[in-house]
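Asker: Below: one structure in structure tokens.
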Amino acid sequence: MQLIVTAISKAYASVQAVKHVSFQINSGEIFALLGPNGAGKSSIIRMLVGMTQPDSGSIMVSYQQQHFDHVPRRLLGYLPEDRGLYPDKSIEKNLLYLARLHGLSKASAMQEMAHWLAVFDLTERRHDELKQLSKGNQQKVQLIAAVLHQPALVILDEPFSGLDPINQEKVVLFLQQLKAKGMTVILSAHQMAMVEKLADHMLLMAQGQVVLAGTLQQIQQQSQPLRQMKVGFNSSVTVSQLQQLPAINGVEPLQANHFMLTLAYEVGVADCLKQLMPLAELTQVEMQTADLHQLYLAAMTKQQPEVAA
Ligand SMILES: Nc1ncnc2c1ncn2[C@@H]1O[C@H](COP(=O)(O)OP(=O)(O)OP(=O)(O)O)[C@@H](O)[C@H]1O
């Protein structure tokens, strides 16, 4: 399974939701679509699954020497943004019904279902009606419903939404298992800490456009890094002494005489060290790498339109 998306655009009435977006997803990858509310993530997903067509640009999906302009239903496991199952039916009935719709035998459906219910701690509750479940448990049933038929490509629109931290970790495990089974996964999410653990490639969007793209490492290199430095001194140095240095934008005290410093924009490390050395002898200097959450915030801050003074 490979997807090549070339310069797709989509407008709804007066809103230009997606503007010339291109990316490629290779077989077996986990690919994350990131960006603030309204960035255009769901619009891209709806075009990938064939619910809407791009106004311009192209989508090419290749699978076993066949080519399509969207992901064919038989190859797709989809968790839409607006979920829909039968609230009056039990978990088991809902899942079996969907699995049979996808052509699974009852035996394979039962086997797949048992596996995923155990992953999500729902085995004991399989006879409960969906409407009796919490929002988080309903979400877990939806995730199982999207993959029971072992699709080649799984597209999950906000799989972490409504889940507590423990269940978010379960979704991480679920996604790792899908990858281990050879499935290709596309997900949209707002939980950077989860995405960082999982995604092979990611696309960071704002206002319909690509802001950053690549692996986490490539994104760290492309973006103006949030340059932070952990330093330690052999004798007492105060926060206010550090705040007075022009090379430093932020100071966070750590343990005694140790600090996390944020370097001022465009100041080199050597210049910063020159200003630190007269204060006391340095016992530790360690550059920190920005995590995805920090990179996301830094990239999004740059996207904000400037406010007139
Ligand atoms: N059917 C529609 N009709 C009109 N405007 C739409 C429609 N669907 C989306 N939009 C608009 O297109 C833009 C992109 O929306 P989209 O749902 O793709 O964003 P998103 O990144 O998925 O956001 P969220 O994280 O909130 O789900 C938004 O401005 C939204 O209001």
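Identifiers in this document derive from the order of the structure tokens: chains are assigned A, B, ..., residues are numbered from 1 separately in each chain, and ligands are numbered from 1 in order of occurrence.
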Please extract the residues at most 10 Å from ligand 1, counting only C-alpha atoms and all ligand atoms, and provide them as a ChimeraX atom specification, using the chain letters and residue numbers of this document.

Answerer: /A:10-18,33-46,52,81,157-158,188-190,205-208

Asker: Using only N, CA and C atoms, please write the residues we just selected to a file, as a CSV table (one decimal), in the first residue's frame.

Answerer:
chain,number,residue,atom,x,y,z
A,10,LYS,N,-8.8,22.0,-1.5
A,10,LYS,CA,-10.3,21.8,-1.3
A,10,LYS,C,-10.9,23.0,-0.7
A,11,ALA,N,-11.9,23.5,-1.3
A,11,ALA,CA,-12.6,24.7,-0.7
A,11,ALA,C,-14.1,24.3,-0.4
A,12,TYR,N,-14.6,24.8,0.7
A,12,TYR,CA,-16.0,24.7,1.0
A,12,TYR,C,-16.6,26.1,1.0
A,13,ALA,N,-17.5,26.5,0.1
A,13,ALA,CA,-18.0,27.8,0.0
A,13,ALA,C,-16.9,28.8,0.0
A,14,SER,N,-16.8,29.6,1.1
A,14,SER,CA,-15.8,30.6,1.1
A,14,SER,C,-14.5,30.2,1.9
A,15,VAL,N,-14.5,28.9,2.4
A,15,VAL,CA,-13.4,28.5,3.2
A,15,VAL,C,-12.4,27.6,2.4
A,16,GLN,N,-11.2,28.1,2.3
A,16,GLN,CA,-10.2,27.3,1.6
A,16,GLN,C,-9.6,26.3,2.6
A,17,ALA,N,-10.1,25.1,2.7
A,17,ALA,CA,-9.8,24.2,3.8
A,17,ALA,C,-8.4,23.6,3.6
A,18,VAL,N,-8.0,23.3,2.4
A,18,VAL,CA,-6.8,22.6,2.1
A,18,VAL,C,-6.1,23.3,0.9
A,33,LEU,N,-1.2,13.2,10.9
A,33,LEU,CA,-1.7,14.5,10.5
A,33,LEU,C,-1.9,15.4,11.7
A,34,LEU,N,-1.1,16.5,11.8
A,34,LEU,CA,-1.2,17.3,13.0
A,34,LEU,C,-1.6,18.7,12.7
A,35,GLY,N,-2.1,19.4,13.6
A,35,GLY,CA,-2.4,20.8,13.4
A,35,GLY,C,-3.6,21.3,14.2
A,36,PRO,N,-3.8,22.5,14.4
A,36,PRO,CA,-4.9,23.0,15.3
A,36,PRO,C,-6.2,22.8,14.7
A,37,ASN,N,-7.3,23.0,15.5
A,37,ASN,CA,-8.7,22.8,15.0
A,37,ASN,C,-8.8,23.7,13.8
A,38,GLY,N,-9.4,23.0,12.8
A,38,GLY,CA,-9.7,23.8,11.5
A,38,GLY,C,-8.5,23.8,10.5
A,39,ALA,N,-7.4,23.1,10.9
A,39,ALA,CA,-6.2,23.1,10.0
A,39,ALA,C,-6.5,22.4,8.7
A,40,GLY,N,-7.4,21.5,8.6
A,40,GLY,CA,-7.7,20.8,7.4
A,40,GLY,C,-7.4,19.3,7.4
A,41,LYS,N,-7.2,18.8,8.6
A,41,LYS,CA,-6.8,17.3,8.7
A,41,LYS,C,-8.0,16.4,8.3
A,42,SER,N,-9.2,16.7,8.8
A,42,SER,CA,-10.3,15.8,8.4
A,42,SER,C,-10.7,16.0,7.0
A,43,SER,N,-10.5,17.2,6.5
A,43,SER,CA,-10.8,17.4,5.0
A,43,SER,C,-9.9,16.5,4.2
A,44,ILE,N,-8.6,16.4,4.6
A,44,ILE,CA,-7.7,15.6,3.8
A,44,ILE,C,-8.2,14.1,3.9
A,45,ILE,N,-8.5,13.7,5.2
A,45,ILE,CA,-8.9,12.3,5.4
A,45,ILE,C,-10.2,12.0,4.5
A,46,ARG,N,-11.1,13.0,4.5
A,46,ARG,CA,-12.3,12.7,3.7
A,46,ARG,C,-12.0,12.6,2.2
A,52,THR,N,-15.1,13.0,-0.4
A,52,THR,CA,-15.2,14.2,-1.2
A,52,THR,C,-14.0,14.1,-2.2
A,81,GLU,N,-14.6,11.1,12.1
A,81,GLU,CA,-14.7,12.0,13.2
A,81,GLU,C,-16.0,11.9,13.9
A,157,ASP,N,-9.4,9.1,12.6
A,157,ASP,CA,-9.5,10.6,12.9
A,157,ASP,C,-9.6,10.8,14.4
A,158,GLU,N,-8.6,11.3,15.0
A,158,GLU,CA,-8.6,11.6,16.5
A,158,GLU,C,-8.8,10.3,17.3
A,188,SER,N,-5.0,11.3,12.7
A,188,SER,CA,-4.9,12.7,13.1
A,188,SER,C,-5.0,12.8,14.6
A,189,ALA,N,-4.3,13.7,15.2
A,189,ALA,CA,-4.3,13.8,16.7
A,189,ALA,C,-3.8,15.1,17.1
A,190,HIS,N,-4.2,15.4,18.4
A,190,HIS,CA,-3.7,16.6,19.1
A,190,HIS,C,-2.7,16.3,20.2
A,205,MET,N,0.2,20.9,9.9
A,205,MET,CA,-0.6,21.8,9.1
A,205,MET,C,-1.1,23.0,9.9
A,206,ALA,N,-1.3,24.1,9.2
A,206,ALA,CA,-2.0,25.2,9.8
A,206,ALA,C,-2.8,25.9,8.6
A,207,GLN,N,-4.0,26.3,8.8
A,207,GLN,CA,-4.8,27.0,7.8
A,207,GLN,C,-4.7,26.3,6.4
A,208,GLY,N,-4.8,25.0,6.4
A,208,GLY,CA,-4.9,24.3,5.2
A,208,GLY,C,-3.5,24.0,4.5

Asker: Check the DSSP output for the backbone and give back, as an MDAnalysis selection string, the residues of region 33-166 of chain A in strand (DSSP E or B).

Answerer: chainID A and resid 33:34 56:63 66:68 76:79 90 129 153:157

Asker: Go ahead and save the picked residues with C-alpha atoms, as a PDB file, in the first residue's frame.

Answerer:
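result.pdb, written as the output of this step:
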ATOM      1  CA  LEU A  33      -1.669  14.531  10.452  1.00  0.00           C
ATOM      2  CA  LEU A  34      -1.200  17.288  13.022  1.00  0.00           C
ATOM      3  CA  SER A  56      -7.338  20.181  -7.828  1.00  0.00           C
ATOM      4  CA  GLY A  57      -4.297  17.986  -7.390  1.00  0.00           C
ATOM      5  CA  SER A  58      -4.249  14.197  -7.281  1.00  0.00           C
ATOM      6  CA  ILE A  59      -4.367  11.217  -4.951  1.00  0.00           C
ATOM      7  CA  MET A  60      -2.812   7.946  -6.059  1.00  0.00           C
ATOM      8  CA  VAL A  61      -3.293   4.827  -3.954  1.00  0.00           C
ATOM      9  CA  SER A  62      -1.299   1.782  -5.097  1.00  0.00           C
ATOM     10  CA  TYR A  63      -1.920  -1.731  -3.810  1.00  0.00           C
ATOM     11  CA  GLN A  66      -3.519  -1.696  -8.798  1.00  0.00           C
ATOM     12  CA  HIS A  67      -4.019   2.068  -8.669  1.00  0.00           C
ATOM     13  CA  PHE A  68      -6.951   4.092  -7.327  1.00  0.00           C
ATOM     14  CA  LEU A  76      -9.885   0.499   4.406  1.00  0.00           C
ATOM     15  CA  GLY A  77     -10.479   0.565   8.166  1.00  0.00           C
ATOM     16  CA  TYR A  78     -11.876   3.977   9.040  1.00  0.00           C
ATOM     17  CA  LEU A  79     -12.598   5.735  12.298  1.00  0.00           C
ATOM     18  CA  SER A  90     -24.176  -4.934  22.773  1.00  0.00           C
ATOM     19  CA  GLU A 129     -25.155  -2.251  25.346  1.00  0.00           C
ATOM     20  CA  LEU A 153      -4.870   0.807   5.502  1.00  0.00           C
ATOM     21  CA  VAL A 154      -6.334   2.133   8.735  1.00  0.00           C
ATOM     22  CA  ILE A 155      -7.365   5.800   8.922  1.00  0.00           C
ATOM     23  CA  LEU A 156      -8.181   7.062  12.400  1.00  0.00           C
ATOM     24  CA  ASP A 157      -9.505  10.579  12.880  1.00  0.00           C
TER      25      ASP A 157
END

Asker: At a cut-off of 12 Å, using only C-alpha atoms, what residues contact region 238-244 of chain A? Leave out same-chain residues fewer than 2 positions from it and give the result as a PyMOL selection string.

Answerer: chain A and resi 231-233+235-236+246-254+256-264+272-273+275-280

Asker: Go ahead and write the selection's residues with N, CA and C atoms as a tab-separated table (two decimals), in the first residue's frame.

Answerer:
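Wrote out_17.tsv, looks like this:
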chain	number	residue	atom	x	y	z
A	231	VAL	N	22.51	23.99	32.31
A	231	VAL	CA	23.86	24.35	32.80
A	231	VAL	C	23.94	24.18	34.31
A	232	GLY	N	25.16	23.90	34.78
A	232	GLY	CA	25.41	23.81	36.22
A	232	GLY	C	26.66	24.62	36.55
A	233	PHE	N	26.68	25.22	37.75
A	233	PHE	CA	27.85	26.00	38.19
A	233	PHE	C	28.39	25.40	39.49
A	235	SER	N	29.48	27.19	41.98
A	235	SER	CA	29.14	28.01	43.14
A	235	SER	C	27.87	28.79	42.83
A	236	SER	N	27.41	29.54	43.81
A	236	SER	CA	26.08	30.13	43.72
A	236	SER	C	25.92	31.16	42.58
A	246	PRO	N	22.23	39.21	27.96
A	246	PRO	CA	21.50	39.39	26.69
A	246	PRO	C	21.33	38.10	25.90
A	247	ALA	N	22.20	37.10	26.13
A	247	ALA	CA	22.11	35.84	25.35
A	247	ALA	C	20.96	34.96	25.82
A	248	ILE	N	20.34	35.33	26.94
A	248	ILE	CA	19.37	34.42	27.55
A	248	ILE	C	17.95	35.01	27.59
A	249	ASN	N	17.02	34.20	27.13
A	249	ASN	CA	15.61	34.63	27.07
A	249	ASN	C	14.78	34.11	28.22
A	250	GLY	N	15.16	32.95	28.75
A	250	GLY	CA	14.37	32.35	29.82
A	250	GLY	C	15.25	31.55	30.77
A	251	VAL	N	14.88	31.55	32.05
A	251	VAL	CA	15.66	30.82	33.06
A	251	VAL	C	14.68	30.01	33.92
A	252	GLU	N	14.96	28.71	34.02
A	252	GLU	CA	14.15	27.87	34.92
A	252	GLU	C	15.12	27.22	35.91
A	253	PRO	N	15.01	27.54	37.23
A	253	PRO	CA	15.94	26.92	38.18
A	253	PRO	C	15.64	25.42	38.32
A	254	LEU	N	16.71	24.62	38.38
A	254	LEU	CA	16.56	23.17	38.61
A	254	LEU	C	17.10	22.91	40.03
A	256	ALA	N	20.17	22.77	42.98
A	256	ALA	CA	21.08	23.86	43.38
A	256	ALA	C	22.10	24.21	42.30
A	257	ASN	N	22.14	25.48	41.94
A	257	ASN	CA	23.09	26.01	40.96
A	257	ASN	C	22.99	25.37	39.57
A	258	HIS	N	21.85	24.77	39.29
A	258	HIS	CA	21.61	24.22	37.95
A	258	HIS	C	20.36	24.89	37.37
A	259	PHE	N	20.41	25.16	36.07
A	259	PHE	CA	19.32	25.91	35.43
A	259	PHE	C	19.05	25.37	34.03
A	260	MET	N	17.80	25.54	33.59
A	260	MET	CA	17.47	25.31	32.19
A	260	MET	C	17.35	26.69	31.55
A	261	LEU	N	18.19	26.95	30.57
A	261	LEU	CA	18.20	28.27	29.93
A	261	LEU	C	17.61	28.19	28.54
A	262	THR	N	16.83	29.18	28.17
A	262	THR	CA	16.38	29.30	26.77
A	262	THR	C	17.20	30.42	26.14
A	263	LEU	N	17.88	30.06	25.05
A	263	LEU	CA	18.76	31.05	24.42
A	263	LEU	C	17.93	32.08	23.64
A	264	ALA	N	18.42	33.30	23.63
A	264	ALA	CA	17.74	34.35	22.86
A	264	ALA	C	17.86	34.01	21.37
A	272	CYS	N	26.81	32.55	24.14
A	272	CYS	CA	26.12	32.34	25.40
A	272	CYS	C	27.12	31.89	26.47
A	273	LEU	N	27.99	30.94	26.10
A	273	LEU	CA	28.97	30.44	27.08
A	273	LEU	C	29.90	31.57	27.53
A	275	GLN	N	29.20	34.60	27.93
A	275	GLN	CA	28.52	35.44	28.92
A	275	GLN	C	28.32	34.70	30.25
A	276	LEU	N	28.25	33.36	30.19
A	276	LEU	CA	28.03	32.58	31.43
A	276	LEU	C	29.32	32.41	32.23
A	277	MET	N	30.44	32.28	31.54
A	277	MET	CA	31.69	31.90	32.22
A	277	MET	C	32.15	32.87	33.31
A	278	PRO	N	31.96	34.18	33.14
A	278	PRO	CA	32.40	35.08	34.22
A	278	PRO	C	31.59	34.91	35.53
A	279	LEU	N	30.40	34.30	35.47
A	279	LEU	CA	29.57	34.19	36.68
A	279	LEU	C	30.14	33.19	37.68
A	280	ALA	N	30.58	32.03	37.21
A	280	ALA	CA	31.16	30.99	38.07
A	280	ALA	C	31.65	29.89	37.14

Asker: Pick out each residue of region 159-195 of chain A that DSSP on the backbone tags as helix (DSSP H, G or I); I need them as a PyMOL selection string.

Answerer: chain A and resi 165-180+192-195

Asker: Which residue gives the smallest distance to Met192 (chain A) among A:Glu266, A:Gln168, A:Phe23, A:Glu124, with only C-alpha atoms counted?

Answerer: A:Gln168

Asker: Residues of region 144-187 of chain A that have any atom at most 8 Å from an atom of region 98-106 of chain A: could you tabulate them with the shortest-distance atom pair and the distance in Å to one decimal, using only C-alpha atoms, ordered by chain and increasing number, as JSON lines?

Answerer:
{"residue": "A:Ala145", "atom": "CA", "partner": "A:Leu98", "partner_atom": "CA", "distance": 6.8}
{"residue": "A:Leu148", "atom": "CA", "partner": "A:Ala99", "partner_atom": "CA", "distance": 6.2}
{"residue": "A:His149", "atom": "CA", "partner": "A:Ala99", "partner_atom": "CA", "distance": 6.0}

Asker: Would you save the residues of that selection, restricted to N, CA and C atoms, as a PDB file, in the first residue's frame?

Answerer:
ATOM      1  N   ALA A 145     -13.801  -1.735  15.936  1.00  0.00           N
ATOM      2  CA  ALA A 145     -14.657  -1.871  14.742  1.00  0.00           C
ATOM      3  C   ALA A 145     -13.905  -1.490  13.466  1.00  0.00           C
ATOM      4  N   LEU A 148     -11.239  -4.803  12.721  1.00  0.00           N
ATOM      5  CA  LEU A 148     -11.564  -6.235  12.828  1.00  0.00           C
ATOM      6  C   LEU A 148     -11.317  -6.998  11.528  1.00  0.00           C
ATOM      7  N   HIS A 149     -11.584  -6.349  10.403  1.00  0.00           N
ATOM      8  CA  HIS A 149     -11.468  -7.043   9.111  1.00  0.00           C
ATOM      9  C   HIS A 149     -10.046  -6.992   8.545  1.00  0.00           C
TER      10      HIS A 149
END

Asker: Rounded to one decimal, what separation in Å do you get between CA of Lys135 (chain A) and CA of Met113 (chain A)?

Answerer: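 These two atoms are separated by 19.5 Å.
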
Asker: For Ile25 (chain A), list every protein, DNA or RNA residue within 12 Å, evaluated using only C-alpha atoms, and leave out those in the same chain fewer than 4 positions away; present the list as a VMD selection string.

Answerer: chain A and resid 1 to 6 29 to 33 48 59 to 62 153 183 to 187 199 to 203 213 to 215

Asker: Now that the selection is made, can you save its residues with C-alpha atoms as a short mmCIF file (atom, residue, chain, number, x, y, z; two decimals), in the first residue's frame?

Answerer:
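Contents of the output file again-v6.cif:
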data_model
loop_
_atom_site.label_atom_id
_atom_site.label_comp_id
_atom_site.auth_asym_id
_atom_site.auth_seq_id
_atom_site.Cartn_x
_atom_site.Cartn_y
_atom_site.Cartn_z
CA MET A 1 0.00 0.00 0.00
CA GLN A 2 1.43 3.35 -1.01
CA LEU A 3 -0.26 6.75 -1.14
CA ILE A 4 1.06 9.64 -3.17
CA VAL A 5 -0.82 12.89 -2.64
CA THR A 6 0.15 15.70 -4.98
CA GLU A 29 4.17 3.29 8.11
CA ILE A 30 2.34 5.21 10.80
CA PHE A 31 1.67 8.67 9.40
CA ALA A 32 0.33 11.49 11.58
CA LEU A 33 -1.67 14.53 10.45
CA LEU A 48 -8.39 10.02 0.98
CA ILE A 59 -4.37 11.22 -4.95
CA MET A 60 -2.81 7.95 -6.06
CA VAL A 61 -3.29 4.83 -3.95
CA SER A 62 -1.30 1.78 -5.10
CA LEU A 153 -4.87 0.81 5.50
CA MET A 183 -1.00 -2.39 8.29
CA THR A 184 -0.41 1.17 7.14
CA VAL A 185 -1.91 3.71 9.52
CA ILE A 186 -2.91 7.35 9.06
CA LEU A 187 -4.07 9.21 12.13
CA ALA A 199 4.64 8.18 13.99
CA ASP A 200 7.24 7.34 11.37
CA HIS A 201 6.34 10.47 9.43
CA MET A 202 4.19 13.46 10.23
CA LEU A 203 2.65 16.44 8.53
CA ALA A 213 6.83 17.56 7.35
CA GLY A 214 9.04 14.54 7.83
CA THR A 215 10.30 12.28 10.58
#

Asker: Expressed in Å to a single decimal, how great is the separation between CA of Gln209 (chain A) and CA of Pro54 (chain A)?

Answerer: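 Atom-to-atom, CA of Gln209 (chain A) to CA of Pro54 (chain A), that is 14.3 Å.
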
Asker: In terms of the shortest atom-to-atom distance over only C-alpha atoms, which of A:Leu173, A:Ala193, A:Leu282, A:Leu295 is closest to Gln222 (chain A)?

Answerer: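 The closest residue to Gln222 (chain A) is A:Leu295.
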
Asker: In Å, rounded to a single decimal, give me how far CA of Ser161 (chain A) is from CA of Ile144 (chain A).

Answerer: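 Atom-to-atom, CA of Ile144 (chain A) to CA of Ser161 (chain A), that is 14.9 Å.
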